[in-house]
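Structure below is protein_37.cif: mmCIF, C-alpha atoms.
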```
data_protein
#
loop_
_atom_site.label_atom_id
_atom_site.label_comp_id
_atom_site.auth_asym_id
_atom_site.auth_seq_id
_atom_site.Cartn_x
_atom_site.Cartn_y
_atom_site.Cartn_z
CA MET Y 1280 -18.44 20.52 -202.17
CA SER Y 1281 -17.86 24.16 -201.49
CA SER Y 1282 -14.20 23.75 -200.57
CA VAL Y 1283 -11.39 21.60 -201.89
CA ASN Y 1284 -9.80 19.19 -199.45
CA ARG Y 1285 -6.13 19.79 -198.79
CA PRO Y 1286 -3.36 17.44 -197.69
CA TYR Y 1287 -2.45 17.55 -194.03
CA VAL Y 1288 -0.35 15.87 -191.39
CA LEU Y 1289 -1.36 15.43 -187.77
CA ALA Y 1290 1.25 14.90 -185.08
CA GLY Y 1291 0.81 11.93 -182.77
CA ALA Y 1292 -1.13 13.93 -180.18
CA GLU Y 1293 -3.22 15.89 -182.70
CA GLY Y 1294 -6.81 15.28 -183.76
CA GLN Y 1295 -10.17 15.54 -182.02
CA ALA Y 1296 -9.77 13.70 -178.69
CA LEU Y 1297 -12.77 12.03 -177.06
CA TRP Y 1298 -13.40 9.97 -173.97
CA PHE Y 1299 -15.60 7.23 -175.39
CA LEU Y 1300 -16.82 4.27 -173.31
CA GLY Y 1301 -13.75 4.38 -171.07
CA ASN Y 1302 -11.31 4.80 -173.95
CA LEU Y 1303 -9.31 7.67 -175.41
CA VAL Y 1304 -10.20 8.14 -179.08
CA THR Y 1305 -8.25 10.56 -181.27
CA VAL Y 1306 -9.97 11.13 -184.61
CA LYS Y 1307 -7.40 11.46 -187.39
CA THR Y 1308 -9.63 11.78 -190.46
CA THR Y 1309 -13.38 11.86 -191.03
CA GLY Y 1310 -15.89 11.66 -193.81
CA ALA Y 1311 -15.52 15.42 -194.24
CA GLN Y 1312 -11.92 14.89 -195.40
CA THR Y 1313 -12.47 11.62 -197.31
CA ARG Y 1314 -15.70 12.38 -199.19
CA GLY Y 1315 -17.50 9.95 -196.91
CA ARG Y 1316 -15.20 7.07 -197.76
CA LEU Y 1317 -13.60 6.33 -194.39
CA THR Y 1318 -12.87 7.30 -190.82
CA VAL Y 1319 -9.54 6.72 -189.08
CA ALA Y 1320 -9.23 7.04 -185.31
CA GLU Y 1321 -6.49 6.09 -182.89
CA PHE Y 1322 -7.87 4.17 -179.92
CA LEU Y 1323 -6.28 3.69 -176.53
CA ASN Y 1324 -8.25 0.98 -174.70
CA PRO Y 1325 -7.45 0.06 -171.08
CA ALA Y 1326 -6.14 -3.42 -170.26
CA GLY Y 1327 -9.05 -5.85 -170.02
CA PHE Y 1328 -11.51 -3.58 -171.87
CA ALA Y 1329 -14.25 -5.19 -173.96
CA PRO Y 1330 -17.09 -3.43 -175.81
CA PRO Y 1331 -20.58 -4.93 -175.93
CA LEU Y 1332 -21.26 -7.54 -178.59
CA HIS Y 1333 -22.45 -5.52 -181.59
CA ARG Y 1334 -22.57 -5.29 -185.35
CA HIS Y 1335 -22.25 -2.44 -187.80
CA LEU Y 1336 -25.00 -2.30 -190.39
CA GLU Y 1337 -23.15 0.04 -192.77
CA GLU Y 1338 -19.40 -0.09 -192.06
CA ASP Y 1339 -16.59 -2.55 -192.36
CA GLU Y 1340 -14.40 -2.09 -189.26
CA MET Y 1341 -10.66 -2.64 -189.30
CA PHE Y 1342 -7.97 -2.46 -186.65
CA TYR Y 1343 -4.21 -2.04 -187.06
CA VAL Y 1344 -2.57 -2.88 -183.73
CA LEU Y 1345 0.22 -0.50 -182.69
CA SER Y 1346 0.86 -1.86 -179.17
CA GLY Y 1347 -0.76 -4.29 -176.77
CA THR Y 1348 -2.81 -7.34 -177.67
CA ALA Y 1349 -6.48 -8.18 -178.16
CA ARG Y 1350 -8.63 -11.20 -178.82
CA PHE Y 1351 -11.28 -10.38 -181.44
CA LEU Y 1352 -14.47 -12.45 -181.54
CA CYS Y 1353 -16.35 -12.22 -184.84
CA ASP Y 1354 -19.14 -14.41 -186.16
CA GLY Y 1355 -17.99 -17.43 -184.16
CA GLU Y 1356 -14.27 -16.99 -184.92
CA GLU Y 1357 -11.54 -15.98 -182.47
CA LEU Y 1358 -8.70 -13.85 -183.82
CA THR Y 1359 -5.72 -12.91 -181.65
CA ALA Y 1360 -3.88 -9.73 -182.67
CA CYS Y 1361 -0.48 -8.36 -181.62
CA PRO Y 1362 1.51 -5.28 -182.66
CA GLY Y 1363 1.73 -5.03 -186.44
CA ASP Y 1364 -1.37 -7.19 -187.00
CA PHE Y 1365 -4.36 -6.08 -189.05
CA VAL Y 1366 -7.92 -7.26 -188.29
CA LEU Y 1367 -10.94 -6.99 -190.62
CA LEU Y 1368 -14.46 -7.26 -189.16
CA PRO Y 1369 -16.85 -7.22 -192.14
CA VAL Y 1370 -20.10 -5.26 -192.11
CA GLY Y 1371 -23.06 -7.06 -190.60
CA LEU Y 1372 -21.12 -9.66 -188.59
CA PRO Y 1373 -21.53 -9.74 -184.79
CA HIS Y 1374 -18.26 -8.93 -183.04
CA THR Y 1375 -16.47 -7.71 -179.95
CA PHE Y 1376 -12.93 -7.88 -178.59
CA VAL Y 1377 -11.10 -8.23 -175.31
CA VAL Y 1378 -7.92 -6.25 -174.64
CA GLY Y 1379 -5.12 -8.29 -173.10
CA PRO Y 1380 -4.70 -7.98 -169.32
CA GLU Y 1381 -1.07 -6.79 -169.29
CA GLU Y 1382 -1.23 -3.41 -171.01
CA PRO Y 1383 -3.55 -1.03 -172.87
CA LEU Y 1384 -4.28 -1.62 -176.55
CA ARG Y 1385 -3.25 1.15 -178.89
CA CYS Y 1386 -4.57 0.74 -182.42
CA LEU Y 1387 -5.84 2.51 -185.48
CA GLN Y 1388 -9.51 1.86 -186.12
CA ILE Y 1389 -10.58 2.32 -189.73
CA THR Y 1390 -14.21 2.24 -190.79
CA THR Y 1391 -15.53 2.41 -194.32
CA PRO Y 1392 -17.65 4.19 -195.27
CA SER Y 1393 -17.17 7.03 -192.79
CA GLY Y 1394 -19.62 7.81 -190.03
CA PHE Y 1395 -18.13 6.16 -186.94
CA GLU Y 1396 -16.80 9.56 -185.89
CA ASP Y 1397 -20.40 10.78 -185.51
CA PHE Y 1398 -21.24 7.86 -183.18
CA ALA Y 1399 -18.09 8.48 -181.10
CA THR Y 1400 -18.94 12.19 -180.84
CA ASP Y 1401 -22.57 11.43 -179.94
CA VAL Y 1402 -21.64 8.97 -177.16
CA GLY Y 1403 -18.31 10.40 -175.99
CA VAL Y 1404 -17.25 13.69 -174.45
CA PRO Y 1405 -14.30 15.90 -175.36
CA ALA Y 1406 -11.21 14.61 -173.57
CA ARG Y 1407 -9.94 17.13 -171.05
CA GLU Y 1408 -6.51 15.48 -171.23
CA ARG Y 1409 -4.93 13.02 -173.65
CA ARG Y 1410 -5.08 10.05 -171.30
CA LEU Y 1411 -7.46 7.23 -170.50
CA PRO Y 1412 -10.51 8.58 -168.69
CA ASP Y 1413 -11.30 7.61 -165.13
CA ALA Y 1414 -13.43 4.47 -164.98
CA ALA Y 1415 -17.14 5.27 -164.99
CA PRO Y 1416 -20.29 3.28 -165.71
CA PHE Y 1417 -22.30 3.93 -168.85
CA ASP Y 1418 -26.02 3.65 -169.45
CA PRO Y 1419 -26.63 0.59 -171.69
CA ALA Y 1420 -30.05 1.89 -172.79
CA ALA Y 1421 -28.64 5.28 -173.83
CA LEU Y 1422 -25.77 3.53 -175.63
CA GLY Y 1423 -28.26 1.31 -177.47
CA HIS Y 1424 -30.31 4.29 -178.61
CA ALA Y 1425 -27.21 6.18 -179.78
CA ALA Y 1426 -25.92 3.10 -181.58
CA ALA Y 1427 -29.25 2.63 -183.38
CA ARG Y 1428 -29.11 6.26 -184.58
CA HIS Y 1429 -25.72 5.42 -186.15
CA HIS Y 1430 -26.67 2.05 -187.71
CA ILE Y 1431 -25.00 -0.11 -185.05
CA GLU Y 1432 -26.89 -2.87 -183.24
CA ILE Y 1433 -25.93 -3.73 -179.66
CA LEU Y 1434 -26.48 -7.50 -179.43
CA GLY Y 1435 -25.30 -8.35 -175.92
CA PRO Y 1436 -22.96 -7.55 -173.05
CA PRO Y 1437 -19.18 -7.53 -173.31
CA PRO Y 1438 -17.53 -10.97 -173.05
CA ASN Y 1439 -16.98 -12.16 -169.49
CA SER Y 1440 -19.47 -9.55 -168.29
CA HIS Y 1441 -21.77 -10.74 -165.55
CA THR Y 1442 -23.58 -7.46 -164.93
CA SER Y 1443 -24.60 -4.47 -166.96
CA ALA Y 1444 -22.42 -1.42 -166.60
#
```
Have the structure of the file written as structure tokens, please.
Amino acid sequence: MSSVNRPYVLAGAEGQALWFLGNLVTVKTTGAQTRGRLTVAEFLNPAGFAPPLHRHLEEDEMFYVLSGTARFLCDGEELTACPGDFVLLPVGLPHTFVVGPEEPLRCLQITTPSGFEDFATDVGVPARERRLPDAAPFDPAALGHAAARHHIEILGPPPNSHTSA
């Protein structure tokens, strides 16, 4: 590396902010800072949100719940998580989650090795404000192509989804 990484602290509202699939994602550290070892991003997901069923082909994905609740579905298991809970979704296993209906889910998402930040940047747009974006449909085909470029397979629609977004 041409430069030496330095310690840093980011305030709660600092970090690259993206609107990504209807969520606010604030990237806290990337592969550039961790020698490719991990990515940490703070997610704010709206109540009731669920991503498509998918699996990561290169990364383990972990969530540390800060507020709200979610039901994680992974490889046939159902895992309910509340504030203070930690969830591990191992590489290669199909998974999704459903945010509880009462309030948004705020969590840290950790992926190892790094790289998820590139997918979020490819699919998302810079957040104009640090808030949840307005609801908008996304193109499932474009999402699938972007996911494939980043070693993620989209396997099906979100749970309880009856139509494509």
Picked residues, the PyMOL selection byres ((chain Y and resi 1308) around 8), expected as a tab-separated table (two decimals) with C-alpha atoms, in the coordinates of the input:
```tsv
chain	number	residue	atom	x	y	z
Y	1306	VAL	CA	-9.97	11.13	-184.61
Y	1307	LYS	CA	-7.40	11.46	-187.39
Y	1309	THR	CA	-13.38	11.86	-191.03
Y	1310	GLY	CA	-15.89	11.66	-193.81
Y	1311	ALA	CA	-15.52	15.42	-194.24
Y	1312	GLN	CA	-11.92	14.89	-195.40
Y	1313	THR	CA	-12.47	11.62	-197.31
Y	1317	LEU	CA	-13.60	6.33	-194.39
Y	1318	THR	CA	-12.87	7.30	-190.82
Y	1319	VAL	CA	-9.54	6.72	-189.08
Y	1320	ALA	CA	-9.23	7.04	-185.31
```
Surrounding residues of segment 1283-1300 of chain Y excluding itself and chain neighbours under 5 positions, 7 Å, all atoms listed in the file, as a PyMOL selection string:
chain Y and resi 1305-1307+1312+1399+1402-1406+1412
Residues selected by the PyMOL selection byres ((chain Y and resi 1372) around 6), written as a ChimeraX atom specification
/Y:1334,1354,1370-1371,1373
If you keep C-alpha atoms, can you produce a file of those selected residues as a tab-separated table (two decimals), keeping the file's coordinate frame?
```tsv
chain	number	residue	atom	x	y	z
Y	1334	ARG	CA	-22.57	-5.29	-185.35
Y	1354	ASP	CA	-19.14	-14.41	-186.16
Y	1370	VAL	CA	-20.10	-5.26	-192.11
Y	1371	GLY	CA	-23.06	-7.06	-190.60
Y	1373	PRO	CA	-21.53	-9.74	-184.79
```
Applying the PyMOL selection byres ((chain Y and resi 1435) around 6) to the file I just gave you, which residues come out? Please list them as a list in words.
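When the PyMOL selection byres ((chain Y and resi 1435) around 6) is applied to the shown file, the picked residues are Pro1331, Leu1332, Ile1433, Leu1434 and Pro1436 of chain Y.
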Convert the current residue selection to file output with C-alpha atoms, as a PDB file, in the coordinates of the input.
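The result, written out as out-v4.pdb:
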```
ATOM      1  CA  PRO Y1331     -20.580  -4.930-175.930  1.00  0.00           C
ATOM      2  CA  LEU Y1332     -21.260  -7.540-178.590  1.00  0.00           C
ATOM      3  CA  ILE Y1433     -25.930  -3.730-179.660  1.00  0.00           C
ATOM      4  CA  LEU Y1434     -26.480  -7.500-179.430  1.00  0.00           C
ATOM      5  CA  PRO Y1436     -22.960  -7.550-173.050  1.00  0.00           C
TER       6      PRO Y1436
END
```
Take every atom of segment 1330-1334 of chain Y listed in the file, fit an axis-aligned box around them, add 8 Å per side, and give the centre and edge lengths in Å to one decimal as JSON.
```
{"center_x": -19.8, "center_y": -5.5, "center_z": -180.6, "size_x": 21.5, "size_y": 20.1, "size_z": 25.5}
```
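Residue nearest His1374 of chain Y within the list Y:Asp1413, Y:Asp1397, Y:Glu1337, Y:Glu1432: Y:Glu1432 [criterion: smallest interatomic distance, all atoms listed in the file].
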